[in-house]
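Below you'll find the structure, written out as structure tokens, and then a few comments.
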Amino acid sequence: MDNKAIIDELTKHFAAGKAKDLASMLNITPQMLSNWKSRDEPNWRLIFTKCVGVSASWLLSGGQGEMMHTIREENPSEKGWEAFCYFLQAQLEESKQRYQQLESIIFHGTPELRNALVNAQSAKRLQALSDKMEEQRKRWEFETSEKEVGK
């Protein structure tokens, strides 16, 4: 589901399908909501803060899973900044899970996959070393030229 479809689902759930009412709920103009959809750049912090009970996982996954979660005492989704922190925490947890999945794939993957990843890391290290050497060469040339000017 793309961001436009997510906003459409939020509109159905929170505003009975009326974009004007969702915009009002979010305290923005209908034009701004339309811009979010056309530019594919919604303000997730505002959406998560104002759409009480919407699942951070649902927003982050592109609309997969359950849209709403059960509001519990420890869920501060009714408080602006705390809600955004909660949203970021959910995003971090999801990223950790994806990292662990990738780590598992790499560990259990074929030797060719592991070698390709090691080679990619080696190439990055070599590039970083090359960049440092180039920086040092330029510094040396600069210092050498200053000494020659001073003679």
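All residue names refer to the structure tokens as shown: chains lettered A, B, ... in order, residues numbered from 1 in each chain, ligands numbered from 1 in order.
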Please, which residues in stretch 16-39 of chain A fall within 9 Å of stretch 44-57 of chain A when counting only C-alpha atoms, and what is the closest atom pair and distance in Å to one decimal for each, ordered by chain then residue number, as JSON lines?
{"residue": "A:Met25", "atom": "CA", "partner": "A:Lys50", "partner_atom": "CA", "distance": 7.2}
{"residue": "A:Leu26", "atom": "CA", "partner": "A:Lys50", "partner_atom": "CA", "distance": 5.9}
{"residue": "A:Asn27", "atom": "CA", "partner": "A:Lys50", "partner_atom": "CA", "distance": 8.8}
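Between atom CA of A:Arg137 and atom CA of A:Lys124 the separation is 19.8 Å.
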Please list as a PyMOL selection string every residue within 12 Å of A:Ile28, counting only C-alpha atoms and excluding residues in the same chain fewer than 3 positions away.
chain A and resi 19-25+31-36+42-43+46-47+50
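With only C-alpha atoms as the atoms that count, the residue of A:Ala120, A:Leu92, A:Met67, A:Ile7 with the shortest distance to A:Lys37 is A:Ile7.
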